[in-house]
Amino acid sequence: MNNIKNAIDKIGLNVSVETKCGTREGIAVLYPVRYDRNLFGGTENGIEGRTNPERYMMFCESRLLKNAEYGDVVYEGENSFTVLWVDEYESRIGKYIKACLRKRG
C-alpha cells in the first residue's frame, strides 16, 4: 500500500473527474493494461504481455473517485476516459481506489 502512495506522489498526473456529484480534481497514476492468456484460454492482467491501448488502470486517493460509477468521465490533459469499474480499499496509510478506464475517441 505504501508503494501506491509513493507512486501517486512521484509519477501522478493532474486529472479531473466528472461524476453525478460534480467535478473533482486531484492526482492519479494512469497506465495501460497489459493482457496475457493463461493455460485455460482466459485472460489475466499482468506486467508483461500485449498492451490494450483502449484500457487503462488508475490509482488515486479515495476522495477523487468517491461515488464514481460506470460511465463517469476522467480527464487528463487532452485525453479523456470512461470509468468502467471502481474498487476501493483501505490500509493503515489511507484509502485508495483502483479503477479501470476506457479511452474515449
# chains A, B, ... in the order shown; residues from 1 in each chain; ligands from 1
>>> residues_around(residues="region 72-89 of chain A", least_positions_apart="5", cutoff="6 Å", atoms="only C-alpha atoms", output="list of chain:residue names")
A:Val15, A:Ser16, A:Val17, A:Glu18, A:Thr19, A:Lys95, A:Tyr96, A:Ile97, A:Lys98, A:Ala99, A:Cys100, A:Leu101, A:Arg102, A:Lys103, A:Arg104
>>> write_last_selection(atoms="all heavy atoms", output="compact mmCIF listing (two decimals), in the first residue's frame")
# COMPACT_ATOMS: atom_id res chain seq x y z
N VAL A 15 -5.50 15.17 -12.83
CA VAL A 15 -6.71 14.72 -13.52
C VAL A 15 -7.92 15.43 -12.93
O VAL A 15 -7.86 15.94 -11.80
CB VAL A 15 -6.91 13.19 -13.42
CG1 VAL A 15 -5.76 12.44 -14.06
CG2 VAL A 15 -7.11 12.74 -11.99
N SER A 16 -9.00 15.44 -13.70
CA SER A 16 -10.27 15.89 -13.16
C SER A 16 -11.30 14.81 -13.47
O SER A 16 -11.23 14.14 -14.50
CB SER A 16 -10.70 17.24 -13.74
OG SER A 16 -10.84 17.17 -15.12
N VAL A 17 -12.22 14.62 -12.54
CA VAL A 17 -13.21 13.56 -12.64
C VAL A 17 -14.60 14.19 -12.60
O VAL A 17 -14.90 14.98 -11.72
CB VAL A 17 -13.06 12.56 -11.47
CG1 VAL A 17 -14.11 11.48 -11.55
CG2 VAL A 17 -11.67 11.97 -11.45
N GLU A 18 -15.41 13.84 -13.58
CA GLU A 18 -16.76 14.36 -13.69
C GLU A 18 -17.75 13.25 -13.34
O GLU A 18 -17.85 12.26 -14.05
CB GLU A 18 -17.00 14.84 -15.12
CG GLU A 18 -18.14 15.77 -15.30
CD GLU A 18 -18.18 16.30 -16.71
OE1 GLU A 18 -17.43 17.25 -17.01
OE2 GLU A 18 -18.94 15.72 -17.51
N THR A 19 -18.44 13.40 -12.21
CA THR A 19 -19.45 12.42 -11.78
C THR A 19 -20.78 13.14 -11.59
O THR A 19 -20.86 14.36 -11.73
CB THR A 19 -19.05 11.75 -10.44
OG1 THR A 19 -19.10 12.73 -9.41
CG2 THR A 19 -17.67 11.13 -10.50
N LYS A 95 -7.03 5.53 2.28
CA LYS A 95 -7.98 4.87 1.40
C LYS A 95 -7.60 5.17 -0.05
O LYS A 95 -7.30 6.32 -0.38
CB LYS A 95 -9.40 5.38 1.66
CG LYS A 95 -9.95 4.99 2.99
CD LYS A 95 -11.36 5.52 3.13
CE LYS A 95 -11.93 5.15 4.48
NZ LYS A 95 -13.29 5.65 4.65
N TYR A 96 -7.65 4.14 -0.87
CA TYR A 96 -7.29 4.30 -2.28
C TYR A 96 -8.34 3.63 -3.15
O TYR A 96 -9.07 2.77 -2.70
CB TYR A 96 -5.92 3.68 -2.56
CG TYR A 96 -4.84 4.40 -1.83
CD1 TYR A 96 -4.37 3.95 -0.60
CD2 TYR A 96 -4.30 5.57 -2.34
CE1 TYR A 96 -3.40 4.64 0.10
CE2 TYR A 96 -3.32 6.26 -1.66
CZ TYR A 96 -2.88 5.79 -0.44
OH TYR A 96 -1.92 6.47 0.25
N ILE A 97 -8.37 4.06 -4.40
CA ILE A 97 -9.29 3.48 -5.37
C ILE A 97 -8.49 3.03 -6.58
O ILE A 97 -7.60 3.73 -7.05
CB ILE A 97 -10.38 4.49 -5.80
CG1 ILE A 97 -11.36 4.66 -4.65
CG2 ILE A 97 -11.08 4.05 -7.06
CD1 ILE A 97 -12.57 5.52 -4.96
N LYS A 98 -8.84 1.84 -7.07
CA LYS A 98 -8.32 1.33 -8.33
C LYS A 98 -9.49 1.33 -9.27
O LYS A 98 -10.57 0.83 -8.94
CB LYS A 98 -7.75 -0.08 -8.15
CG LYS A 98 -7.31 -0.70 -9.45
CD LYS A 98 -6.58 -2.01 -9.22
CE LYS A 98 -7.53 -3.13 -8.98
NZ LYS A 98 -6.88 -4.45 -8.96
N ALA A 99 -9.31 1.90 -10.47
CA ALA A 99 -10.39 1.97 -11.44
C ALA A 99 -9.89 1.50 -12.80
O ALA A 99 -8.74 1.69 -13.14
CB ALA A 99 -10.93 3.38 -11.56
N CYS A 100 -10.77 0.88 -13.55
CA CYS A 100 -10.48 0.50 -14.92
C CYS A 100 -11.16 1.53 -15.83
O CYS A 100 -12.35 1.83 -15.64
CB CYS A 100 -10.98 -0.90 -15.22
SG CYS A 100 -10.58 -1.46 -16.89
N LEU A 101 -10.41 2.06 -16.79
CA LEU A 101 -10.91 3.11 -17.67
C LEU A 101 -10.81 2.67 -19.13
O LEU A 101 -9.94 1.87 -19.49
CB LEU A 101 -10.09 4.39 -17.49
CG LEU A 101 -9.85 4.88 -16.08
CD1 LEU A 101 -8.90 6.06 -16.09
CD2 LEU A 101 -11.15 5.27 -15.41
N ARG A 102 -11.67 3.23 -19.96
CA ARG A 102 -11.59 3.02 -21.42
C ARG A 102 -11.36 4.39 -22.06
O ARG A 102 -12.07 5.35 -21.76
CB ARG A 102 -12.88 2.42 -21.96
CG ARG A 102 -12.83 2.19 -23.47
CD ARG A 102 -14.10 1.57 -24.01
NE ARG A 102 -15.20 2.51 -23.87
CZ ARG A 102 -16.37 2.21 -23.30
NH1 ARG A 102 -16.60 1.01 -22.83
NH2 ARG A 102 -17.31 3.13 -23.21
N LYS A 103 -10.35 4.45 -22.92
CA LYS A 103 -10.03 5.72 -23.59
C LYS A 103 -11.18 6.09 -24.53
O LYS A 103 -11.72 5.24 -25.22
CB LYS A 103 -8.73 5.60 -24.35
CG LYS A 103 -8.19 6.92 -24.81
CD LYS A 103 -6.77 6.79 -25.27
CE LYS A 103 -6.22 8.18 -25.54
NZ LYS A 103 -4.84 8.13 -25.91
N ARG A 104 -11.53 7.36 -24.52
CA ARG A 104 -12.62 7.85 -25.37
C ARG A 104 -12.03 8.44 -26.65
O ARG A 104 -10.98 9.06 -26.63
CB ARG A 104 -13.39 8.94 -24.64
CG ARG A 104 -14.00 8.43 -23.35
CD ARG A 104 -14.64 9.51 -22.59
NE ARG A 104 -15.91 9.82 -23.24
CZ ARG A 104 -16.75 10.71 -22.81
NH1 ARG A 104 -16.46 11.43 -21.75
NH2 ARG A 104 -17.88 10.92 -23.44
>>> closest_residue(among="A:Gly105, A:Ala28, A:Lys20, A:Arg55", to="Lys5 (chain A)", atoms="only C-alpha atoms")
A:Ala28
